[in-house]
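Structure data follow from coords_23.cif (mmCIF, C-alpha atoms and all ligand atoms):
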data_protein
#
loop_
_atom_site.label_atom_id
_atom_site.label_comp_id
_atom_site.auth_asym_id
_atom_site.auth_seq_id
_atom_site.Cartn_x
_atom_site.Cartn_y
_atom_site.Cartn_z
CA MET B 1364 134.48 81.72 129.78
CA SER B 1365 131.51 80.69 127.65
CA ALA B 1366 129.04 83.23 126.31
CA LYS B 1367 125.44 82.96 127.51
CA VAL B 1368 123.13 82.86 124.48
CA PHE B 1369 119.35 82.94 124.59
CA ILE B 1370 117.39 82.25 121.40
CA ASP B 1371 113.93 83.76 121.80
CA GLY B 1372 111.77 81.79 119.36
CA GLU B 1373 114.08 78.78 119.54
CA VAL B 1374 111.59 76.25 118.17
CA GLY B 1375 110.74 78.27 115.04
CA THR B 1376 112.35 77.73 111.66
CA THR B 1377 115.20 80.23 112.11
CA GLY B 1378 115.74 79.43 115.79
CA LEU B 1379 116.01 75.71 115.19
CA GLN B 1380 118.56 76.22 112.43
CA ILE B 1381 120.66 78.44 114.68
CA ARG B 1382 120.58 75.77 117.40
CA GLU B 1383 121.61 73.17 114.86
CA ARG B 1384 124.58 75.25 113.71
CA LEU B 1385 125.69 75.94 117.29
CA SER B 1386 125.26 72.42 118.61
CA GLY B 1387 128.48 71.04 120.03
CA ARG B 1388 129.99 74.46 120.68
CA SER B 1389 131.72 74.45 124.07
CA ASP B 1390 132.20 78.22 124.01
CA ILE B 1391 128.45 78.80 124.29
CA GLU B 1392 126.11 78.20 127.18
CA PHE B 1393 122.50 78.12 126.04
CA LEU B 1394 119.84 79.69 128.21
CA ARG B 1395 116.62 77.86 127.45
CA LEU B 1396 112.94 77.86 128.31
CA GLY B 1397 110.78 74.77 128.26
CA GLU B 1398 107.71 74.44 126.07
CA ASP B 1399 105.46 75.67 128.88
CA LYS B 1400 107.44 78.88 129.41
CA ARG B 1401 108.74 79.83 125.97
CA LYS B 1402 106.00 82.42 125.42
CA ASP B 1403 105.81 83.51 129.06
CA ARG B 1404 106.70 87.20 129.18
CA ASP B 1405 108.32 87.13 132.63
CA ALA B 1406 110.35 84.01 131.90
CA ARG B 1407 111.54 85.48 128.61
CA ALA B 1408 112.43 88.75 130.35
CA GLU B 1409 114.56 86.85 132.85
CA MET B 1410 116.43 85.00 130.09
CA LEU B 1411 116.80 88.09 127.92
CA ASN B 1412 118.41 89.94 130.81
CA ALA B 1413 120.65 87.04 131.81
CA ALA B 1414 122.04 86.56 128.30
CA ASP B 1415 125.25 88.00 126.89
CA ILE B 1416 123.66 87.69 123.46
CA ALA B 1417 119.94 87.33 122.78
CA ILE B 1418 119.02 86.16 119.28
CA LEU B 1419 115.43 87.05 118.42
CA CYS B 1420 113.79 84.60 116.01
CA LEU B 1421 110.29 85.96 116.42
CA PRO B 1422 107.55 87.75 114.53
CA ASP B 1423 108.15 91.53 114.43
CA ALA B 1424 105.77 92.42 117.28
CA ALA B 1425 107.30 89.83 119.61
CA SER B 1426 110.79 91.08 118.72
CA ILE B 1427 109.84 94.64 119.61
CA GLU B 1428 108.42 93.35 122.88
CA ALA B 1429 111.59 91.33 123.59
CA VAL B 1430 113.79 94.40 123.16
CA SER B 1431 111.51 96.36 125.50
CA LEU B 1432 111.95 93.66 128.16
CA ILE B 1433 115.72 94.18 128.32
CA ASP B 1434 116.45 96.55 131.18
CA ASN B 1435 120.20 96.15 131.53
CA ASP B 1436 123.17 97.55 129.63
CA THR B 1437 124.93 94.25 129.00
CA THR B 1438 122.63 92.07 126.89
CA ARG B 1439 123.50 92.38 123.21
CA VAL B 1440 120.83 91.59 120.65
CA ILE B 1441 120.73 90.04 117.19
CA ASP B 1442 117.22 90.48 115.79
CA ALA B 1443 116.32 88.16 112.90
CA SER B 1444 112.96 89.82 112.37
CA SER B 1445 112.27 92.77 110.11
CA ALA B 1446 111.33 95.03 113.04
CA HIS B 1447 114.58 97.00 113.26
CA ARG B 1448 116.17 96.77 109.83
CA VAL B 1449 116.26 100.51 109.23
CA ALA B 1450 115.81 101.65 112.83
CA ASP B 1451 118.09 104.19 114.50
CA GLY B 1452 120.59 102.67 116.89
CA TRP B 1453 120.74 99.33 115.08
CA VAL B 1454 123.67 98.05 113.01
CA TYR B 1455 122.81 96.21 109.81
CA GLY B 1456 124.24 92.71 110.19
CA PHE B 1457 125.57 92.18 106.68
CA ALA B 1458 129.28 91.84 107.43
CA GLU B 1459 130.42 91.97 103.79
CA MET B 1460 128.37 95.05 102.89
CA LEU B 1461 131.08 97.66 103.52
CA PRO B 1462 134.73 97.45 104.56
CA ASP B 1463 133.93 98.77 108.04
CA GLN B 1464 130.71 96.81 108.61
CA ARG B 1465 132.37 94.01 110.57
CA ALA B 1466 133.88 96.48 113.01
CA LYS B 1467 130.47 98.06 113.51
CA ILE B 1468 128.90 94.66 114.16
CA ALA B 1469 131.74 93.66 116.49
CA SER B 1470 131.11 96.58 118.83
CA ALA B 1471 127.32 96.83 118.47
CA LYS B 1472 124.77 96.33 121.24
CA ARG B 1473 121.95 95.96 118.71
CA VAL B 1474 122.41 94.12 115.41
CA THR B 1475 119.58 93.62 112.96
CA ASN B 1476 120.03 90.54 110.83
CA PRO B 1477 119.31 91.31 107.16
CA GLY B 1478 116.21 90.07 105.39
CA CYS B 1479 116.73 87.06 103.21
CA TYR B 1480 115.99 88.69 99.85
CA PRO B 1481 117.81 91.99 100.48
CA GLN B 1482 121.22 90.45 101.08
CA GLY B 1483 121.69 89.33 97.49
CA TYR B 1484 120.33 92.58 96.12
CA ILE B 1485 122.56 94.72 98.32
CA ALA B 1486 125.56 92.46 97.66
CA MET B 1487 125.15 93.02 93.91
CA MET B 1488 124.06 96.66 93.81
CA ARG B 1489 125.97 98.43 96.57
CA PRO B 1490 129.49 97.99 95.11
CA LEU B 1491 128.33 99.22 91.70
CA VAL B 1492 126.79 102.33 93.22
CA ASP B 1493 129.79 102.97 95.48
CA ALA B 1494 132.13 102.66 92.47
CA GLY B 1495 130.03 105.12 90.44
CA LEU B 1496 129.15 102.52 87.80
CA VAL B 1497 125.44 102.74 88.60
CA PRO B 1498 124.14 106.24 89.45
CA SER B 1499 122.26 106.67 92.71
CA ASN B 1500 119.07 107.67 90.84
CA PHE B 1501 119.02 104.37 88.87
CA PRO B 1502 115.50 102.86 88.56
CA ALA B 1503 116.39 99.39 89.87
CA THR B 1504 114.24 96.25 89.73
CA MET B 1505 114.66 92.79 91.20
CA ASN B 1506 112.88 89.48 90.86
CA ALA B 1507 113.55 86.64 93.24
CA ILE B 1508 112.46 83.16 94.20
CA SER B 1509 112.52 81.59 97.66
CA GLY B 1510 111.77 78.15 98.98
CA TYR B 1511 108.69 77.98 101.16
CA SER B 1512 110.69 77.78 104.40
CA GLY B 1513 111.12 81.54 103.88
CA GLY B 1514 107.58 81.91 105.20
CA GLY B 1515 108.39 80.14 108.49
CA LYS B 1516 106.39 77.41 110.24
CA GLY B 1517 103.09 78.60 108.82
CA MET B 1518 104.14 78.41 105.19
CA ILE B 1519 106.00 75.14 105.69
CA ALA B 1520 102.73 73.68 106.98
CA ASP B 1521 100.86 75.08 103.96
CA TYR B 1522 103.15 73.12 101.65
CA GLU B 1523 103.87 70.01 103.70
CA THR B 1524 101.14 69.13 106.16
CA ALA B 1525 97.96 71.03 105.26
CA ASP B 1526 94.87 69.03 104.35
CA GLN B 1527 95.28 70.43 100.86
CA PRO B 1528 98.98 71.25 100.47
CA VAL B 1529 99.87 74.01 98.01
CA GLU B 1530 100.63 72.49 94.63
CA THR B 1531 101.39 75.61 92.64
CA PRO B 1532 105.03 75.29 91.58
CA TYR B 1533 105.75 79.02 91.30
CA TRP B 1534 103.78 81.66 93.12
CA PRO B 1535 104.57 85.34 92.48
CA TYR B 1536 103.59 87.64 95.33
CA GLY B 1537 104.30 91.12 96.64
CA LEU B 1538 102.28 92.37 93.70
CA THR B 1539 101.52 95.76 95.25
CA LEU B 1540 105.30 96.31 95.18
CA ALA B 1541 105.37 97.09 98.89
CA HIS B 1542 107.14 94.03 100.29
CA LYS B 1543 108.47 94.56 103.80
CA HIS B 1544 112.04 94.18 102.54
CA VAL B 1545 111.87 97.20 100.22
CA PRO B 1546 112.89 99.80 102.85
CA GLU B 1547 116.13 98.00 103.72
CA MET B 1548 116.83 97.36 100.03
CA GLU B 1549 116.44 101.06 99.36
CA THR B 1550 118.44 102.13 102.39
CA TYR B 1551 121.48 99.88 102.08
CA ALA B 1552 121.91 99.62 98.30
CA GLY B 1553 122.84 103.31 98.19
CA LEU B 1554 120.12 104.23 95.69
CA ASP B 1555 117.79 107.22 95.88
CA HIS B 1556 114.63 105.25 95.04
CA ALA B 1557 112.93 102.08 96.16
CA PRO B 1558 113.48 99.22 93.70
CA ILE B 1559 110.58 97.43 92.08
CA PHE B 1560 110.84 94.12 93.95
CA GLN B 1561 108.80 91.13 92.89
CA PRO B 1562 109.41 87.91 94.85
CA ALA B 1563 107.99 84.45 94.26
CA VAL B 1564 107.75 81.35 96.37
CA GLY B 1565 108.52 77.99 94.79
CA ARG B 1566 107.25 74.55 95.75
CA TYR B 1567 110.54 73.44 97.30
CA ALA B 1568 111.67 73.94 100.86
CA GLN B 1569 114.83 75.94 100.88
CA GLY B 1570 117.16 78.13 98.81
CA MET B 1571 116.87 81.32 96.80
CA ILE B 1572 117.92 83.30 93.77
CA ASP B 1573 117.86 87.08 93.47
CA ALA B 1574 117.88 88.31 89.85
CA LEU B 1575 118.89 91.91 89.20
CA PRO B 1576 118.60 93.14 85.60
CA LEU B 1577 120.50 96.25 84.49
CA ASN B 1578 119.97 98.16 81.25
CA LEU B 1579 123.56 99.25 80.77
CA TRP B 1580 122.60 101.18 77.63
CA ALA B 1581 120.62 103.59 79.80
CA LEU B 1582 123.69 104.63 81.79
CA ASN B 1583 125.75 107.71 80.99
CA GLN B 1584 128.92 105.69 80.57
CA LYS B 1585 129.51 102.66 78.37
CA LEU B 1586 129.86 99.62 80.61
CA THR B 1587 130.52 95.99 79.75
CA LEU B 1588 129.78 92.84 81.67
CA THR B 1589 133.49 92.62 82.36
CA ASP B 1590 133.39 96.04 84.07
CA LEU B 1591 130.63 94.81 86.39
CA HIS B 1592 132.42 91.56 87.04
CA GLN B 1593 135.70 93.29 87.86
CA CYS B 1594 134.02 95.71 90.24
CA LEU B 1595 132.19 92.97 92.15
CA SER B 1596 135.21 90.64 92.17
CA ALA B 1597 137.44 93.36 93.58
CA ARG B 1598 134.88 94.21 96.24
CA TYR B 1599 134.59 90.64 97.54
CA GLU B 1600 138.19 89.56 97.06
CA GLY B 1601 139.28 87.63 100.14
CA GLU B 1602 135.75 87.16 101.48
CA THR B 1603 134.90 83.72 102.80
CA PHE B 1604 131.18 83.63 102.13
CA VAL B 1605 130.38 86.15 99.38
CA LYS B 1606 132.09 85.21 96.15
CA VAL B 1607 131.79 86.15 92.49
CA ALA B 1608 131.75 83.28 90.01
CA PRO B 1609 134.12 83.50 87.05
CA MET B 1610 132.50 84.80 83.88
CA ASN B 1611 131.73 81.61 82.06
CA ALA B 1612 128.10 81.62 81.07
CA ALA B 1613 128.03 78.23 79.43
CA GLY B 1614 129.95 76.33 82.08
CA ARG B 1615 128.31 77.32 85.34
CA LEU B 1616 124.58 77.25 84.71
CA GLU B 1617 124.13 74.22 86.93
CA GLU B 1618 125.17 76.43 89.85
CA ILE B 1619 122.31 78.85 89.23
CA THR B 1620 119.60 76.87 90.92
CA PRO B 1621 118.03 78.04 94.16
CA GLU B 1622 119.04 74.96 96.14
CA HIS B 1623 122.69 74.98 95.05
CA LEU B 1624 124.10 76.47 98.28
CA ASN B 1625 121.71 74.94 100.78
CA GLY B 1626 123.29 74.04 104.09
CA THR B 1627 126.10 76.55 103.60
CA ASN B 1628 126.60 80.19 104.54
CA SER B 1629 127.81 81.07 101.06
CA LEU B 1630 126.35 83.63 98.67
CA HIS B 1631 127.58 83.41 95.08
CA ILE B 1632 127.13 86.19 92.54
CA HIS B 1633 126.96 85.42 88.82
CA VAL B 1634 127.36 88.04 86.09
CA HIS B 1635 125.48 87.33 82.87
CA GLY B 1636 123.94 89.34 80.07
CA ASN B 1637 124.68 90.54 76.59
CA ASP B 1638 127.26 93.16 75.71
CA GLU B 1639 125.78 93.62 72.25
CA THR B 1640 122.42 94.70 73.61
CA GLY B 1641 123.97 96.46 76.60
CA GLN B 1642 121.96 94.44 79.10
CA ALA B 1643 123.24 92.69 82.21
CA LEU B 1644 121.63 90.18 84.52
CA LEU B 1645 123.23 89.72 87.93
CA LEU B 1646 122.21 86.70 89.98
CA ALA B 1647 122.82 85.90 93.63
CA VAL B 1648 122.37 82.31 94.80
CA TYR B 1649 122.19 81.45 98.52
CA ASP B 1650 120.31 79.57 101.21
CA ASN B 1651 117.44 81.64 102.63
CA LEU B 1652 117.95 79.82 105.94
CA GLY B 1653 121.75 80.08 105.69
CA LYS B 1654 123.25 83.42 104.71
CA GLY B 1655 119.63 84.59 104.42
CA ALA B 1656 118.80 84.04 108.11
CA SER B 1657 120.30 81.58 110.59
CA GLY B 1658 123.79 81.44 109.09
CA ALA B 1659 123.99 85.23 109.04
CA ALA B 1660 122.87 85.33 112.69
CA VAL B 1661 125.62 82.89 113.69
CA GLN B 1662 128.17 84.85 111.63
CA ASN B 1663 127.11 88.04 113.43
CA MET B 1664 127.26 86.32 116.80
CA ASN B 1665 130.79 85.06 116.06
CA ILE B 1666 131.87 88.57 115.08
CA MET B 1667 130.30 90.08 118.20
CA LEU B 1668 132.11 87.54 120.37
CA GLY B 1669 135.44 88.30 118.68
CA LEU B 1670 135.66 84.81 117.17
CA ASP B 1671 136.49 83.61 113.67
CA GLU B 1672 133.32 84.56 111.81
CA ALA B 1673 133.22 81.23 109.96
CA THR B 1674 133.03 79.11 113.13
CA SER B 1675 130.20 76.54 112.70
CA LEU B 1676 129.41 77.82 109.20
CA PRO B 1677 130.02 75.62 106.16
CA VAL B 1678 131.48 77.30 103.07
CA ALA B 1679 130.67 76.11 99.56
CA PRO B 1680 133.44 75.84 97.00
CA LEU B 1681 133.16 78.04 93.94
N1 LIG B 1701 112.36 81.75 107.47
C1 LIG B 1701 113.22 82.57 106.87
O1 LIG B 1701 113.76 82.26 105.76
C2 LIG B 1701 113.55 83.89 107.46
C3 LIG B 1701 112.90 84.40 108.57
N2 LIG B 1701 113.25 85.64 109.07
C4 LIG B 1701 112.55 86.25 110.19
O2 LIG B 1701 112.90 85.60 111.40
C5 LIG B 1701 111.80 85.64 112.30
C6 LIG B 1701 111.43 84.21 112.65
O3 LIG B 1701 111.02 83.60 111.42
P1 LIG B 1701 110.77 82.05 111.29
O4 LIG B 1701 111.72 81.31 112.14
O5 LIG B 1701 110.72 81.77 109.85
O6 LIG B 1701 109.30 81.98 111.89
P2 LIG B 1701 108.55 80.74 112.56
O7 LIG B 1701 107.11 81.07 112.48
O8 LIG B 1701 109.05 79.48 111.96
O9 LIG B 1701 109.04 80.80 114.08
C7 LIG B 1701 108.71 81.86 114.95
C8 LIG B 1701 108.73 81.33 116.35
O10 LIG B 1701 108.43 82.40 117.26
C9 LIG B 1701 107.52 81.89 118.23
N3 LIG B 1701 106.80 82.99 118.84
C10 LIG B 1701 105.80 83.75 118.31
N4 LIG B 1701 105.41 84.69 119.19
C11 LIG B 1701 106.17 84.53 120.30
C12 LIG B 1701 106.23 85.18 121.56
N5 LIG B 1701 105.44 86.22 121.86
N6 LIG B 1701 107.14 84.75 122.47
C13 LIG B 1701 107.97 83.72 122.20
N7 LIG B 1701 107.93 83.04 121.03
C14 LIG B 1701 107.06 83.45 120.09
C15 LIG B 1701 106.64 80.96 117.44
O11 LIG B 1701 105.94 80.11 118.31
P3 LIG B 1701 104.98 78.91 117.75
O12 LIG B 1701 105.92 77.80 117.44
O13 LIG B 1701 104.10 78.61 118.91
O14 LIG B 1701 104.29 79.45 116.55
C16 LIG B 1701 107.66 80.25 116.57
O15 LIG B 1701 108.22 79.15 117.22
C17 LIG B 1701 110.65 86.35 111.58
O16 LIG B 1701 110.63 87.70 111.96
C18 LIG B 1701 111.03 86.20 110.11
O17 LIG B 1701 110.47 87.21 109.34
C19 LIG B 1701 114.29 86.33 108.54
C20 LIG B 1701 114.98 85.85 107.47
C21 LIG B 1701 114.62 84.62 106.79
C1 LIG B 1702 108.80 82.99 101.05
C2 LIG B 1702 108.43 84.07 102.03
O1 LIG B 1702 107.28 84.26 102.38
N1 LIG B 1702 109.42 84.82 102.49
C3 LIG B 1702 109.22 85.89 103.44
C4 LIG B 1702 110.51 86.54 103.77
C5 LIG B 1702 111.26 85.88 104.88
C6 LIG B 1702 112.20 86.80 105.55
O2 LIG B 1702 113.24 87.15 105.09
O3 LIG B 1702 111.80 87.33 106.66
P1 LIG B 1702 112.22 88.73 107.19
O4 LIG B 1702 111.34 89.71 106.54
O5 LIG B 1702 112.08 88.73 108.62
O6 LIG B 1702 113.60 88.96 106.75
C7 LIG B 1702 108.32 86.99 102.92
O7 LIG B 1702 108.32 87.28 101.74
O8 LIG B 1702 107.72 87.66 103.77
#

As structure tokens, the full file:
Amino acid sequence: MSAKVFIDGEVGTTGLQIRERLSGRSDIEFLRLGEDKRKDRDARAEMLNAADIAILCLPDAASIEAVSLIDNDTTRVIDASSAHRVADGWVYGFAEMLPDQRAKIASAKRVTNPGCYPQGYIAMMRPLVDAGLVPSNFPATMNAISGYSGGGKGMIADYETADQPVETPYWPYGLTLAHKHVPEMETYAGLDHAPIFQPAVGRYAQGMIDALPLNLWALNQKLTLTDLHQCLSARYEGETFVKVAPMNAAGRLEEITPEHLNGTNSLHIHVHGNDETGQALLLAVYDNLGKGASGAAVQNMNIMLGLDEATSLPVAPL
């Protein structure tokens, strides 16, 4: 029997990409609203309650409203917005985060898809904290760059179709250090304090890099880049989508570009730095619309339906 799936916000950036990934799937029956009804509260309520899985690709307020419209015990939700990332009763939809995370997603009624930037940060930091290599009181920082599709339809228009399209090639933002992703970064990395997080948007459509510097000299134990690499490699051994590149600084630099994994659901971690100065730089490369949004939502949906999690999701070679 096919699963009934309703994408609320289907014609937005994330919704469209989910549709694209799921097109041709015979195990899914899409519940859909026409253009005239897609923002109609009653019509949405009907679809939300008829669905086995509702995927919310909406602004936060509309996501909160959508959840409130569900009055049955059977509809399961995947929320792509940031409305429920650290909310009680919601499972964080980052399957690779912990060994038991998939099982939690598989049985969850409410799954919150991770934010695009936090996935790379958590993927790099959480294993180091869990292994005791980085202490939980570490003062972490992260810089990142995203393509402008990260800002949805509005930002895409700013760069592509506005009367005066944005021409700035690199635009740092989040300068009050209170980006909406900070709470989930703090919560799921296993650290006691919020990281300093400074994102930037680049004048290209899609793809991202998270850059996490670590002053190893400031730690109580002497760590090398190899220690970090071994810890991360062991953590993600056997994973399909999250992989750690071999340590080979000179040979793999062409892979550290934000667009390198576009169109895939892969997230690749690179370990760089300088053992002599005791400084490491961890980098995560992925597609903000892939593992950062729509791909992660499809992966979560597959897990919730008891299917192979990689169904419909391209994997990049490493
Ligand atoms: N883009 C990205 O890289 C990522 C986005 N997200 C999150 O996913 C969510 C969707 O983002 P994104 O796809 O980029 O945003 P878009 O702005 O591209 O799409 C949002 C869609 O929701 C529709 N919408 C707004 N209000 C309502 C409503 N009340 N009822 C029904 N539909 C409504 C919009 O309609 P209309 O077309 O009329 O504007 C639009 O089609 C956001 O919460 C975002 O933060 C998460 C991770 C990454
Ligand atoms: C370039 C850009 O503007 N990116 C968005 C993040 C997109 C995203 O991840 O949205 P969620 O918060 O729903 O996860 C931003 O910084 O707000």

Surrounding residues of segment 1408-1413 of chain B excluding itself and chain neighbours under 2 positions, 8 Å, only C-alpha atoms, as a list of chain:residue names
B:Lys1367, B:Phe1369, B:Leu1394, B:Arg1395, B:Arg1404, B:Asp1405, B:Ala1406, B:Asp1415, B:Ala1417, B:Ala1429, B:Leu1432, B:Ile1433, B:Asp1434, B:Asn1435, B:Thr1438

From B:Arg1465, B:Arg1439, B:Lys1543, B:Arg1384, residue lying nearest ligand LIG 1702 (chain B) [all atoms listed in the file]:
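Nearest to ligand LIG 1702 (chain B): B:Lys1543.
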
Shell around Ala1507 of chain B at 10 Å using all atoms listed in the file, local window under 3 positions removed, as a list in words:
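The contact residues come out as Tyr1480, Pro1481, Gly1483, Tyr1484, Pro1535, Phe1560, Gln1561, Pro1562, Ala1563, Val1564, Met1571, Ile1572, Asp1573, Ala1574, Leu1575, Pro1621, Leu1646, Ala1647 and Val1648 of chain B.
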
Those same residues, written as a compact mmCIF listing (two decimals), keeping the file's coordinate frame with C-alpha atoms?
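See part.txt below for the written result:
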# COMPACT_ATOMS: atom_id res chain seq x y z
CA TYR B 1480 115.99 88.69 99.85
CA PRO B 1481 117.81 91.99 100.48
CA GLY B 1483 121.69 89.33 97.49
CA TYR B 1484 120.33 92.58 96.12
CA PRO B 1535 104.57 85.34 92.48
CA PHE B 1560 110.84 94.12 93.95
CA GLN B 1561 108.80 91.13 92.89
CA PRO B 1562 109.41 87.91 94.85
CA ALA B 1563 107.99 84.45 94.26
CA VAL B 1564 107.75 81.35 96.37
CA MET B 1571 116.87 81.32 96.80
CA ILE B 1572 117.92 83.30 93.77
CA ASP B 1573 117.86 87.08 93.47
CA ALA B 1574 117.88 88.31 89.85
CA LEU B 1575 118.89 91.91 89.20
CA PRO B 1621 118.03 78.04 94.16
CA LEU B 1646 122.21 86.70 89.98
CA ALA B 1647 122.82 85.90 93.63
CA VAL B 1648 122.37 82.31 94.80

If the limit is 6 Å from any atom of ligand LIG 1702 (chain B), counting all atoms listed in the file, which residues qualify? Return them as a list in words.
Ser1444, Ser1445, Gly1478, Cys1479, Ser1509, Tyr1511, Gly1513, Gly1514 and Val1564 of chain B

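Atom to atom, atom CA of Gly1517 of chain B and atom O8 of ligand LIG 1701 (chain B) stand 6.8 Å apart.
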
Smallest atom-to-atom distance to ligand LIG 1701 (chain B): which of B:Ile1619, B:Val1607, B:Ala1450, B:Ala1660, using only C-alpha atoms and all ligand atoms?
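Checking each candidate against ligand LIG 1701 (chain B), we get B:Ala1660 as the closest.
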
Kindly indicate which residue among B:Asn1663, B:Gln1584, B:Ser1657, B:Thr1539 lies nearest to ligand LIG 1701 (chain B), using all atoms listed in the file for the distances.
B:Ser1657

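The coordinates place atom CA of Gly1372 of chain B at 7.9 Å from atom O6 of ligand LIG 1701 (chain B).
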
Got a sec: who's within 10 Å of Ala1494 of chain B, counting only C-alpha atoms, leaving out chain neighbours fewer than 5 positions off, as a count of residues only?
4

All residues 12 Å or closer to segment 1568-1570 of chain B, all atoms listed in the file, same chain fewer than 5 positions away omitted, as a PyMOL selection string
chain B and resi 1376+1479-1480+1507-1516+1518-1523+1532+1619-1630+1647-1656

Figure out the distance between atom CA of Pro1677 of chain B and atom CA of Arg1388 of chain B, please, to one decimal in Å.
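Pair atom CA of Arg1388 of chain B / atom CA of Pro1677 of chain B returns 14.6 Å.
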
Judged by all atoms listed in the file, the minimum distance to Ala1458 of chain B among B:Gln1482, B:Asn1578, B:Thr1437, B:Gln1593 is found for B:Gln1482

Nearest to Glu1672 of chain B by atom-to-atom distance, counting only C-alpha atoms, from B:Ile1468, B:Glu1617, B:Leu1586, B:Asn1506
B:Ile1468
